[in-house]
file data.cif (mmCIF, C-alpha atoms)
data_model
#
loop_
_atom_site.label_atom_id
_atom_site.label_comp_id
_atom_site.auth_asym_id
_atom_site.auth_seq_id
_atom_site.Cartn_x
_atom_site.Cartn_y
_atom_site.Cartn_z
CA MET A 25 -15.44 -47.39 -97.21
CA TRP A 26 -18.06 -45.71 -95.23
CA PHE A 27 -17.28 -47.90 -92.14
CA THR A 28 -13.58 -47.24 -92.43
CA SER A 29 -14.14 -43.56 -92.82
CA LYS A 30 -16.40 -43.55 -89.79
CA GLN A 31 -13.79 -45.22 -87.62
CA THR A 32 -11.17 -42.81 -88.82
CA LYS A 33 -13.44 -39.93 -87.93
CA GLN A 34 -14.06 -41.32 -84.44
CA LYS A 35 -10.34 -41.75 -83.84
CA HIS A 36 -9.73 -38.21 -84.98
CA GLN A 37 -12.33 -36.93 -82.53
CA GLU A 38 -10.80 -38.95 -79.66
CA ASN A 39 -7.35 -37.60 -80.45
CA THR A 40 -8.71 -34.08 -80.54
CA ALA A 41 -10.44 -34.52 -77.16
CA THR A 42 -7.30 -35.99 -75.65
CA GLN A 43 -5.24 -33.10 -76.95
CA PHE A 44 -7.76 -30.60 -75.53
CA LEU A 45 -7.55 -32.17 -72.07
CA ARG A 46 -3.78 -32.33 -72.09
CA LYS A 47 -3.54 -28.77 -73.25
CA GLY A 48 -5.87 -27.49 -70.50
CA MET A 49 -3.90 -28.91 -67.53
CA PRO A 50 -0.82 -26.63 -67.80
CA VAL A 51 -3.04 -23.55 -68.03
CA GLN A 52 -4.87 -24.45 -64.80
CA HIS A 53 -1.59 -25.21 -63.03
CA LYS A 54 -0.12 -21.91 -64.13
CA HIS A 55 -3.22 -20.05 -62.87
CA ARG A 56 -2.98 -21.59 -59.34
CA THR A 57 0.69 -20.64 -59.03
CA VAL A 58 -0.06 -16.98 -59.73
CA ALA A 59 -2.94 -16.93 -57.18
CA LYS A 60 -0.71 -18.30 -54.39
CA LYS A 61 1.88 -15.58 -54.93
CA ASN A 62 -0.77 -12.92 -54.87
CA TYR A 63 -2.21 -14.41 -51.69
CA ARG A 64 1.19 -14.25 -49.99
CA ILE A 65 1.57 -10.61 -50.93
CA ILE A 66 -1.91 -9.75 -49.71
CA GLY A 67 -1.40 -11.74 -46.47
CA ALA A 68 1.88 -9.94 -45.70
CA GLY A 69 0.25 -6.58 -46.33
CA THR A 70 -2.68 -7.43 -44.10
CA PHE A 71 -0.32 -8.58 -41.35
CA PHE A 72 1.58 -5.28 -41.35
CA LEU A 73 -1.69 -3.36 -41.38
CA TRP A 74 -2.83 -5.24 -38.27
CA ILE A 75 0.51 -4.53 -36.57
CA PHE A 76 0.17 -0.85 -37.41
CA PHE A 77 -3.42 -0.83 -36.12
CA PHE A 78 -2.64 -2.49 -32.79
CA GLY A 79 0.50 -0.41 -32.37
CA THR A 80 -1.50 2.78 -32.82
CA LEU A 81 -4.17 1.47 -30.47
CA PHE A 82 -1.54 0.55 -27.85
CA TYR A 83 0.14 3.96 -28.03
CA THR A 84 -3.19 5.79 -27.83
CA ALA A 85 -4.37 3.73 -24.87
CA PHE A 86 -1.22 4.03 -22.72
CA PHE A 87 0.57 7.20 -23.83
CA SER A 88 -2.07 9.55 -25.19
CA ILE A 89 -2.87 12.56 -22.97
CA PHE A 90 -6.54 11.91 -23.71
CA PHE A 91 -6.46 9.13 -21.07
CA PHE A 92 -4.27 10.96 -18.51
CA ILE A 93 -6.11 11.40 -15.19
CA THR A 94 -7.22 14.95 -14.46
CA PRO A 95 -7.18 16.30 -10.83
CA PRO A 96 -9.42 13.88 -8.86
CA ARG A 97 -12.73 14.84 -7.30
CA ILE A 98 -12.49 14.29 -3.51
CA THR A 99 -15.49 14.19 -1.16
CA GLY A 100 -16.01 13.47 2.54
CA MET A 101 -13.06 15.46 3.89
CA SER A 102 -13.38 17.31 7.19
CA GLU A 103 -10.32 16.99 9.41
CA VAL A 104 -7.76 15.90 6.83
CA SER A 105 -6.76 18.65 4.41
CA GLU A 106 -8.07 18.13 0.90
CA GLU A 107 -4.93 19.76 -0.52
CA ARG A 108 -2.72 17.27 1.32
CA LEU A 109 -4.78 14.34 0.13
CA ARG A 110 -4.78 15.62 -3.46
CA GLY A 111 -1.02 16.17 -3.31
CA PHE A 112 -0.47 12.60 -2.10
CA ILE A 113 -2.61 11.18 -4.92
CA ASP A 114 -0.81 13.29 -7.51
CA GLY A 115 2.52 12.08 -6.15
CA GLN A 116 1.46 8.44 -6.46
CA LEU A 117 0.15 8.91 -10.01
CA SER A 118 3.24 10.80 -11.18
CA LYS A 119 5.33 7.61 -10.95
CA LYS A 120 5.80 5.07 -13.74
CA TYR A 121 5.63 1.31 -14.08
CA PHE A 122 8.97 -0.14 -15.24
CA ARG A 123 10.05 3.50 -15.84
CA ILE A 124 7.97 3.46 -19.03
CA PHE A 125 4.22 3.35 -18.43
CA PRO A 126 2.70 6.37 -16.64
CA ARG A 127 0.60 5.52 -13.58
CA ASN A 128 -1.78 8.39 -14.22
CA ASN A 129 -3.14 6.60 -17.28
CA PHE A 130 -6.82 5.68 -16.98
CA PHE A 131 -6.17 2.01 -17.82
CA LEU A 132 -3.18 1.68 -15.47
CA VAL A 133 -4.64 3.29 -12.34
CA GLN A 134 -5.21 0.62 -9.68
CA PRO A 135 -8.05 1.83 -7.40
CA ARG A 136 -7.59 -0.88 -4.72
CA ASP A 137 -3.87 -0.21 -4.41
CA LEU A 138 -4.46 3.55 -4.16
CA GLU A 139 -7.13 3.02 -1.47
CA GLU A 140 -4.73 0.95 0.65
CA ARG A 141 -1.94 3.52 0.33
CA LEU A 142 -4.29 6.32 1.41
CA ARG A 143 -5.46 4.40 4.49
CA LEU A 144 -1.88 3.70 5.54
CA GLU A 145 -0.77 7.29 5.02
CA TYR A 146 -3.78 8.88 6.76
CA PRO A 147 -4.89 6.87 9.86
CA LEU A 148 -7.83 9.24 10.35
CA LEU A 149 -9.48 7.76 7.24
CA ALA A 150 -11.78 4.90 8.20
CA SER A 151 -12.61 4.00 4.59
CA VAL A 152 -11.57 5.11 1.11
CA SER A 153 -13.34 4.40 -2.19
CA VAL A 154 -11.55 5.20 -5.48
CA THR A 155 -13.56 4.98 -8.71
CA ARG A 156 -12.39 5.51 -12.30
CA ILE A 157 -14.71 7.45 -14.60
CA PHE A 158 -14.05 7.06 -18.34
CA PRO A 159 -12.07 8.49 -20.03
CA ASN A 160 -9.82 10.41 -17.62
CA SER A 161 -11.53 11.13 -14.29
CA LEU A 162 -11.04 9.80 -10.78
CA SER A 163 -13.53 10.02 -7.89
CA VAL A 164 -12.27 9.62 -4.30
CA GLU A 165 -14.81 9.26 -1.48
CA VAL A 166 -13.56 9.04 2.11
CA VAL A 167 -15.08 8.52 5.56
CA GLU A 168 -13.13 9.90 8.50
CA ARG A 169 -12.84 8.42 11.97
CA GLU A 170 -14.00 10.34 15.01
CA LYS A 171 -10.96 9.12 16.92
CA ILE A 172 -7.93 6.92 16.35
CA ILE A 173 -7.78 4.04 18.84
CA LEU A 174 -4.32 2.72 19.74
CA TRP A 175 -3.93 -0.53 21.66
CA ASN A 176 -0.79 -0.80 23.81
CA SER A 177 0.42 -4.19 24.95
CA LEU A 178 3.80 -5.78 25.64
CA GLY A 179 5.63 -2.64 24.58
CA GLY A 180 3.92 -2.49 21.19
CA SER A 181 1.32 -0.07 19.84
CA TYR A 182 -1.33 -0.98 17.24
CA LEU A 183 -4.01 0.96 15.43
CA ILE A 184 -7.41 -0.68 15.89
CA ASP A 185 -9.95 -0.29 13.09
CA GLU A 186 -13.76 -0.24 13.31
CA GLU A 187 -13.88 -4.04 13.31
CA GLY A 188 -11.45 -4.30 16.23
CA VAL A 189 -8.57 -5.56 14.07
CA ALA A 190 -4.97 -4.51 14.80
CA HIS A 191 -2.84 -2.67 12.21
CA ASP A 192 0.54 -0.95 12.06
CA SER A 193 0.45 2.34 13.97
CA ALA A 194 3.55 4.13 12.62
CA GLN A 195 1.62 6.94 10.91
CA ALA A 196 -0.88 7.28 13.78
CA LEU A 197 1.96 8.16 16.16
CA LEU A 198 2.95 11.26 14.18
CA PRO A 199 2.42 14.57 16.06
CA GLU A 200 -0.15 15.76 13.51
CA ASN A 201 -2.51 12.96 14.59
CA ALA A 202 -2.11 13.53 18.35
CA PRO A 203 -5.39 15.50 18.79
CA TYR A 204 -7.39 12.55 17.44
CA VAL A 205 -5.65 9.71 19.27
CA PHE A 206 -6.54 7.99 22.52
CA SER A 207 -4.90 4.81 23.71
CA ILE A 208 -5.94 1.73 25.67
CA THR A 209 -3.24 -0.12 27.59
CA ASP A 210 -3.71 -3.83 28.25
CA MET A 211 -2.24 -4.42 31.71
CA SER A 212 -2.12 -8.19 31.11
CA ASN A 213 0.50 -7.57 28.37
CA LYS A 214 -0.98 -10.15 26.02
CA LYS A 215 0.90 -10.29 22.71
CA VAL A 216 -0.82 -8.77 19.67
CA THR A 217 -0.02 -9.43 16.01
CA PRO A 218 -1.13 -7.25 13.04
CA GLY A 219 -4.35 -8.57 11.53
CA GLU A 220 -5.52 -10.04 14.84
CA LYS A 221 -8.95 -9.12 16.21
CA VAL A 222 -8.38 -7.45 19.58
CA PHE A 223 -11.94 -6.57 20.63
CA ASP A 224 -15.50 -6.38 19.32
CA THR A 225 -16.86 -3.41 17.40
CA SER A 226 -19.07 -2.41 20.36
CA TYR A 227 -16.01 -1.99 22.59
CA GLY A 228 -14.48 0.63 20.29
CA VAL A 229 -17.79 2.46 19.97
CA PHE A 230 -18.11 2.53 23.77
CA ALA A 231 -14.60 3.96 24.19
CA ILE A 232 -15.35 6.82 21.80
CA ARG A 233 -18.83 7.65 23.11
CA VAL A 234 -17.96 7.58 26.81
CA ASN A 235 -15.38 10.28 26.24
CA GLU A 236 -17.96 12.54 24.61
CA LEU A 237 -20.87 11.87 26.98
CA PHE A 238 -18.76 12.23 30.11
CA LEU A 239 -18.00 15.82 29.16
CA GLN A 240 -21.54 16.60 28.01
CA GLN A 241 -23.38 15.22 31.05
CA LEU A 242 -20.88 15.83 33.86
CA GLY A 243 -18.75 18.70 32.65
CA LEU A 244 -15.59 16.68 33.30
CA THR A 245 -13.05 15.39 30.83
CA LEU A 246 -11.31 12.03 30.63
CA GLU A 247 -7.64 11.68 29.86
CA SER A 248 -6.84 10.17 26.48
CA HIS A 249 -4.96 7.24 28.04
CA TYR A 250 -7.24 4.41 29.15
CA THR A 251 -6.35 1.09 30.77
CA THR A 252 -7.99 -2.32 31.07
CA ALA A 253 -7.18 -5.45 33.07
CA SER A 254 -7.20 -7.47 29.83
CA ARG A 255 -8.90 -7.53 26.46
CA PHE A 256 -11.40 -10.07 27.82
CA ALA A 257 -12.37 -8.06 30.93
CA ASP A 258 -15.16 -6.01 29.27
CA GLU A 259 -14.05 -2.95 31.15
CA LEU A 260 -12.45 0.43 30.58
CA ARG A 261 -10.63 2.55 33.16
CA ALA A 262 -9.98 6.26 32.74
CA LYS A 263 -8.59 9.11 34.81
CA THR A 264 -10.71 12.24 35.11
CA SER A 265 -9.65 15.88 35.03
CA GLU A 266 -10.22 15.95 38.83
CA GLY A 267 -7.56 13.30 39.38
CA TRP A 268 -9.64 10.27 40.37
CA GLU A 269 -10.28 7.17 38.25
CA VAL A 270 -13.57 5.81 36.94
CA TYR A 271 -14.17 2.18 35.94
CA PHE A 272 -16.76 1.41 33.24
CA GLY A 273 -18.34 -1.89 32.30
CA THR A 274 -18.36 -1.89 28.48
CA THR A 275 -21.33 -4.26 28.30
CA LEU A 276 -23.56 -1.82 30.22
CA PRO A 277 -25.34 1.16 28.61
CA ILE A 278 -23.24 4.30 28.96
CA GLU A 279 -26.27 6.45 29.73
CA SER A 280 -27.24 4.20 32.65
CA SER A 281 -23.75 4.31 34.16
CA LEU A 282 -23.58 8.09 33.86
CA SER A 283 -27.02 8.48 35.47
CA VAL A 284 -25.76 6.57 38.51
CA LEU A 285 -22.67 8.77 38.58
CA LYS A 286 -24.72 11.99 38.42
CA LEU A 287 -26.89 10.79 41.31
CA LEU A 288 -23.78 9.96 43.30
CA PHE A 289 -22.43 13.47 42.76
CA GLU A 290 -25.70 15.06 43.83
CA LYS A 291 -26.25 13.03 46.99
CA GLU A 292 -22.89 11.83 48.19
CA LEU A 293 -19.95 13.41 46.41
CA PRO A 294 -20.00 17.17 45.92
CA GLN A 295 -16.93 18.65 44.29
CA GLU A 296 -15.06 19.33 47.55
CA ARG A 297 -15.30 15.67 48.58
CA ARG A 298 -14.25 14.41 45.17
CA ALA A 299 -10.83 15.95 45.73
CA HIS A 300 -10.09 13.00 48.05
CA LEU A 301 -11.45 10.26 45.75
CA ALA A 302 -9.34 7.34 44.58
CA TYR A 303 -11.84 5.79 42.19
CA ILE A 304 -15.51 5.28 41.32
CA ASP A 305 -16.51 1.84 40.06
CA LEU A 306 -19.47 1.73 37.65
CA ARG A 307 -19.00 -1.86 36.46
CA ALA A 308 -22.11 -3.11 38.31
CA GLU A 309 -25.49 -2.40 36.74
CA ASN A 310 -27.36 0.55 38.32
CA ARG A 311 -24.86 0.74 41.17
CA ALA A 312 -21.73 2.74 41.95
CA TYR A 313 -18.90 1.89 44.34
CA TYR A 314 -16.40 4.51 45.40
CA ALA A 315 -13.35 4.74 47.61
CA PHE A 316 -11.06 7.48 48.86
CA ARG A 317 -7.32 7.58 48.70
CA GLU A 318 -5.37 5.94 51.52
CA GLY A 319 -4.41 8.29 54.32
CA GLU A 320 -7.58 10.36 54.01
CA ASN A 321 -9.69 10.50 57.19
CA ILE A 322 -12.87 9.52 55.35
CA GLU A 323 -14.91 6.33 55.34
CA SER A 324 -14.02 3.96 52.49
CA PRO A 325 -15.46 2.37 50.45
CA SER A 326 -19.15 3.24 49.98
CA THR A 327 -21.86 2.46 47.41
CA VAL A 328 -24.92 4.11 45.94
CA SER A 329 -27.73 2.50 43.93
CA LEU A 330 -29.82 4.04 41.21
CA PRO A 331 -33.46 4.26 42.46
CA THR A 332 -36.22 2.52 40.55
CA PRO A 333 -39.66 4.08 40.05
CA THR A 334 -41.00 2.03 42.99
CA GLU A 335 -38.27 2.48 45.55
CA GLU A 336 -36.14 5.16 47.18
CA LYS A 337 -32.39 5.44 46.89
CA LYS A 338 -30.46 3.14 49.17
CA ILE A 339 -27.10 4.03 50.63
CA SER A 340 -25.03 1.44 52.44
CA ALA A 341 -21.50 0.70 53.58
CA PRO A 342 -20.59 -2.93 52.72
CA SER A 343 -17.35 -4.70 53.39
CA LYS A 344 -14.30 -3.29 51.69
CA LYS A 345 -14.23 -3.89 47.93
CA LYS A 346 -10.89 -4.46 46.32
CA LYS A 347 -9.97 -2.70 43.12
#

call {"tool": "encode", "arguments": {"input": "data.cif", "output": "C-alpha cells"}}
result
Amino acid sequence: MWFTSKQTKQKHQENTATQFLRKGMPVQHKHRTVAKKNYRIIGAGTFFLWIFFFGTLFYTAFFSIFFFITPPRITGMSEVSEERLRGFIDGQLSKKYFRIFPRNNFFLVQPRDLEERLRLEYPLLASVSVTRIFPNSLSVEVVEREKIILWNSLGGSYLIDEEGVAHDSAQALLPENAPYVFSITDMSNKKVTPGEKVFDTSYGVFAIRVNELFLQQLGLTLESHYTTASRFADELRAKTSEGWEVYFGTTLPIESSLSVLKLLFEKELPQERRAHLAYIDLRAENRAYYAFREGENIESPSTVSLPTPTEEKKISAPSKKKK
C-alpha cells in the first residue's frame, strides 16, 4: 500500500512538472513576439531621427548664412587695385554649383581653383595664396611681378613666369597691362608651346634688372622690346633712347658690363659721337666693341677694355667684327 501510494505520488509529481514546462513555453514565445514588434517601432523611429539630424546638419553646413564667406582680407597689393581684385573674387563666389549650392560657402570654396583664376585674370600677380579661416573668413595674399615678360616667336606671344615657363598671354596683352610689359623676340622663330620652359630663371632676372640699372647708372633708357638670336644664345639686345643698340651677355654680371660701358662713354664716346653709333657689344667679359652706322665717315669698329688694378686701359682697332 505504501509502495503503491509512493509510486502514485511520484507519477503525480512528474505529471505536474511536465504540465509546468508545457505551460511555460507559450508564455515565453508570446513575450519574444511582443519584443520584436517594439524593436521594429524603436528602430524606425531612430532611423527617422538620424535622417532629421543629418538633414539639419546638411542644411546648416551648406545653406546657413553662418558659413557664408565675408569680404576677404587681401594683402600684398601695390599696382593692382584692391577693389578690382575684391570685385573679381566676389563675382566668382556669387556663382552656384549645379545652380543649387552657393560657392561662397566656407565648405565649398576651392582655394586652389580661385588662385589659378586670379593668376590668369591678373598677369601682374606672380603668386596667389588663398586660405580659408573657420567659420566664414578668407585670406588672400599676393605677390606682384616687377614686370611682365612676353616671349615672341613664330608669330605667337607667351607670358613667361619666374621659372621661365611659357603661359597664355591673352590677359597680359590688354592695354591696362602695357606699362608693365616688355617683350623678347626670338629671331630664330623656334616654336613654343604653353607649359614649355623657355629660359632659366636667371635670364628673366637679368632682363628686368638691366632695364633698371641702365637708367640708374647711365641716365639712358632701353626700349621695352628686346631681341635675341635664339633662346640658347645667352644674350639680350636692346635699343637705347639715343637710337643705337646694345648687346648684353646674360651670363656676365650686369654691373661689370655697365662699368665697361661707362668707361667707354668717358674715354671714347661722348654724347655727340654716340649720335652716329650703330651698336655697342658687351657680350665679352670686361671688354666693349662698338661700331658706327654705315655711311658715317668714322672709323669702325673699335674696342675698349676695362682696366685692371695693375694695368692701364688699352684701346685698339682690330679687324672688323661682324654683328

call {"tool": "resolve_selection", "arguments": {"input": "data.cif", "expression": "the PyMOL selection byres ((chain A and resi 184) around 9)", "output": "PyMOL selection string"}}
result
chain A and resi 172-175+182-183+185-193+221-223+228

call {"tool": "resolve_selection", "arguments": {"input": "data.cif", "expression": "the PyMOL selection byres ((chain A and resi 293-296) around 12)", "output": "VMD selection string"}}
result
chain A and resid 242 to 244 266 to 268 284 to 292 297 to 301 303 to 304 312 to 316 326 to 328

call {"tool": "write_last_selection", "arguments": {"input": "data.cif", "atoms": "C-alpha atoms", "output": "CSV table (one decimal), in the coordinates of the input"}}
result
chain,number,residue,atom,x,y,z
A,242,LEU,CA,-20.9,15.8,33.9
A,243,GLY,CA,-18.8,18.7,32.6
A,244,LEU,CA,-15.6,16.7,33.3
A,266,GLU,CA,-10.2,16.0,38.8
A,267,GLY,CA,-7.6,13.3,39.4
A,268,TRP,CA,-9.6,10.3,40.4
A,284,VAL,CA,-25.8,6.6,38.5
A,285,LEU,CA,-22.7,8.8,38.6
A,286,LYS,CA,-24.7,12.0,38.4
A,287,LEU,CA,-26.9,10.8,41.3
A,288,LEU,CA,-23.8,10.0,43.3
A,289,PHE,CA,-22.4,13.5,42.8
A,290,GLU,CA,-25.7,15.1,43.8
A,291,LYS,CA,-26.2,13.0,47.0
A,292,GLU,CA,-22.9,11.8,48.2
A,297,ARG,CA,-15.3,15.7,48.6
A,298,ARG,CA,-14.2,14.4,45.2
A,299,ALA,CA,-10.8,16.0,45.7
A,300,HIS,CA,-10.1,13.0,48.0
A,301,LEU,CA,-11.4,10.3,45.8
A,303,TYR,CA,-11.8,5.8,42.2
A,304,ILE,CA,-15.5,5.3,41.3
A,312,ALA,CA,-21.7,2.7,42.0
A,313,TYR,CA,-18.9,1.9,44.3
A,314,TYR,CA,-16.4,4.5,45.4
A,315,ALA,CA,-13.4,4.7,47.6
A,316,PHE,CA,-11.1,7.5,48.9
A,326,SER,CA,-19.2,3.2,50.0
A,327,THR,CA,-21.9,2.5,47.4
A,328,VAL,CA,-24.9,4.1,45.9

call {"tool": "resolve_selection", "arguments": {"input": "data.cif", "expression": "the PyMOL selection byres ((chain A and resi 230) around 10)", "output": "ChimeraX atom specification"}}
result
/A:225-229,231-235,260,272-278

call {"tool": "closest_residue", "arguments": {"input": "data.cif", "among": "A:Phe77, A:Phe158, A:Tyr83, A:Phe90", "to": "Phe125 in chain A", "atoms": "only C-alpha atoms"}}
result
A:Tyr83

call {"tool": "atom_distance", "arguments": {"input": "data.cif", "atom1": "CA of Pro147 in chain A", "atom2": "CA of Pro135 in chain A"}}
result
18.3 Å

call {"tool": "closest_residue", "arguments": {"input": "data.cif", "among": "A:Asn310, A:Ile93, A:Phe122, A:Phe78", "to": "Arg156 in chain A", "atoms": "only C-alpha atoms"}}
result
A:Ile93

call {"tool": "atom_distance", "arguments": {"input": "data.cif", "atom1": "CA of Ser177 in chain A", "atom2": "CA of Asn213 in chain A"}}
result
4.8 Å

call {"tool": "atom_distance", "arguments": {"input": "data.cif", "atom1": "CA of Glu318 in chain A", "atom2": "CA of Glu269 in chain A"}}
result
14.2 Å

call {"tool": "closest_residue", "arguments": {"input": "data.cif", "among": "A:Leu239, A:Leu162, A:Met211, A:Ile113", "to": "Asn176 in chain A", "atoms": "only C-alpha atoms"}}
result
A:Met211

call {"tool": "closest_residue", "arguments": {"input": "data.cif", "among": "A:Tyr271, A:Tyr204, A:Phe91, A:Phe112", "to": "Arg143 in chain A", "atoms": "all atoms listed in the file"}}
result
A:Phe112

call {"tool": "residues_around", "arguments": {"input": "data.cif", "residues": "Pro203 in chain A", "least_positions_apart": "4", "cutoff": "12 Å", "atoms": "only C-alpha atoms", "output": "list in words"}}
result
Glu103, Leu148, Glu170, Lys171, Ile172, Ile173, Ala196, Leu197, Leu198, Pro199, Ser207, Glu247 and Ser248 of chain A

call {"tool": "closest_residue", "arguments": {"input": "data.cif", "among": "A:Met101, A:Ser283, A:Val216, A:Glu139", "to": "Gly179 in chain A", "atoms": "all atoms listed in the file"}}
result
A:Val216

call {"tool": "axis_aligned_box", "arguments": {"input": "data.cif", "around": "range 279-282 of chain A", "padding_each_side": "6 Å", "output": "lines of an AutoDock Vina configuration file"}}
result
center_x = -25.4
center_y = 6.1
center_z = 31.9
size_x = 15.7
size_y = 15.9
size_z = 16.4

call {"tool": "closest_residue", "arguments": {"input": "data.cif", "among": "A:Glu145, A:Glu279, A:Glu168, A:Glu106", "to": "Leu306 in chain A", "atoms": "all atoms listed in the file"}}
result
A:Glu279

call {"tool": "build_atoms", "arguments": {"input": "data.cif", "residues": "range 111-129 of chain A", "atoms": "N, CA and C atoms", "output": "PDB file, in the frame of the given file"}}
result
ATOM      1  N   GLY A 111      -2.450  16.209  -3.033  1.00  0.00           N
ATOM      2  CA  GLY A 111      -1.020  16.170  -3.310  1.00  0.00           C
ATOM      3  C   GLY A 111      -0.454  14.760  -3.212  1.00  0.00           C
ATOM      4  N   PHE A 112      -0.935  13.984  -2.233  1.00  0.00           N
ATOM      5  CA  PHE A 112      -0.470  12.600  -2.100  1.00  0.00           C
ATOM      6  C   PHE A 112      -0.885  11.772  -3.309  1.00  0.00           C
ATOM      7  N   ILE A 113      -2.132  11.939  -3.754  1.00  0.00           N
ATOM      8  CA  ILE A 113      -2.610  11.180  -4.920  1.00  0.00           C
ATOM      9  C   ILE A 113      -1.820  11.560  -6.164  1.00  0.00           C
ATOM     10  N   ASP A 114      -1.586  12.856  -6.349  1.00  0.00           N
ATOM     11  CA  ASP A 114      -0.810  13.290  -7.510  1.00  0.00           C
ATOM     12  C   ASP A 114       0.602  12.710  -7.470  1.00  0.00           C
ATOM     13  N   GLY A 115       1.191  12.651  -6.275  1.00  0.00           N
ATOM     14  CA  GLY A 115       2.520  12.080  -6.150  1.00  0.00           C
ATOM     15  C   GLY A 115       2.559  10.602  -6.513  1.00  0.00           C
ATOM     16  N   GLN A 116       1.518   9.857  -6.124  1.00  0.00           N
ATOM     17  CA  GLN A 116       1.460   8.440  -6.460  1.00  0.00           C
ATOM     18  C   GLN A 116       1.261   8.231  -7.965  1.00  0.00           C
ATOM     19  N   LEU A 117       0.444   9.080  -8.588  1.00  0.00           N
ATOM     20  CA  LEU A 117       0.150   8.910 -10.010  1.00  0.00           C
ATOM     21  C   LEU A 117       1.251   9.463 -10.906  1.00  0.00           C
ATOM     22  N   SER A 118       2.154  10.240 -10.367  1.00  0.00           N
ATOM     23  CA  SER A 118       3.240  10.800 -11.180  1.00  0.00           C
ATOM     24  C   SER A 118       4.340   9.779 -11.443  1.00  0.00           C
ATOM     25  N   LYS A 119       4.318   8.653 -10.754  1.00  0.00           N
ATOM     26  CA  LYS A 119       5.330   7.610 -10.950  1.00  0.00           C
ATOM     27  C   LYS A 119       5.023   6.796 -12.200  1.00  0.00           C
ATOM     28  N   LYS A 120       5.963   5.890 -12.545  1.00  0.00           N
ATOM     29  CA  LYS A 120       5.800   5.070 -13.740  1.00  0.00           C
ATOM     30  C   LYS A 120       6.044   3.605 -13.419  1.00  0.00           C
ATOM     31  N   TYR A 121       5.385   2.738 -14.175  1.00  0.00           N
ATOM     32  CA  TYR A 121       5.630   1.310 -14.080  1.00  0.00           C
ATOM     33  C   TYR A 121       6.785   0.956 -15.003  1.00  0.00           C
ATOM     34  N   PHE A 122       7.788   0.270 -14.472  1.00  0.00           N
ATOM     35  CA  PHE A 122       8.970  -0.140 -15.240  1.00  0.00           C
ATOM     36  C   PHE A 122       9.660   1.059 -15.905  1.00  0.00           C
ATOM     37  N   ARG A 123       9.470   2.262 -15.324  1.00  0.00           N
ATOM     38  CA  ARG A 123      10.050   3.500 -15.840  1.00  0.00           C
ATOM     39  C   ARG A 123       9.578   3.822 -17.258  1.00  0.00           C
ATOM     40  N   ILE A 124       8.478   3.240 -17.660  1.00  0.00           N
ATOM     41  CA  ILE A 124       7.970   3.460 -19.030  1.00  0.00           C
ATOM     42  C   ILE A 124       6.517   3.910 -19.005  1.00  0.00           C
ATOM     43  N   PHE A 125       5.655   3.113 -18.365  1.00  0.00           N
ATOM     44  CA  PHE A 125       4.220   3.350 -18.430  1.00  0.00           C
ATOM     45  C   PHE A 125       3.775   4.291 -17.319  1.00  0.00           C
ATOM     46  N   PRO A 126       3.142   5.402 -17.655  1.00  0.00           N
ATOM     47  CA  PRO A 126       2.700   6.370 -16.640  1.00  0.00           C
ATOM     48  C   PRO A 126       1.558   5.829 -15.790  1.00  0.00           C
ATOM     49  N   ARG A 127       1.639   6.023 -14.481  1.00  0.00           N
ATOM     50  CA  ARG A 127       0.600   5.520 -13.580  1.00  0.00           C
ATOM     51  C   ARG A 127      -0.674   6.350 -13.631  1.00  0.00           C
ATOM     52  N   ASN A 128      -0.583   7.561 -14.165  1.00  0.00           N
ATOM     53  CA  ASN A 128      -1.780   8.390 -14.220  1.00  0.00           C
ATOM     54  C   ASN A 128      -2.607   8.121 -15.457  1.00  0.00           C
ATOM     55  N   ASN A 129      -2.320   7.018 -16.143  1.00  0.00           N
ATOM     56  CA  ASN A 129      -3.140   6.600 -17.280  1.00  0.00           C
ATOM     57  C   ASN A 129      -4.402   5.920 -16.777  1.00  0.00           C
TER      58      ASN A 129
END
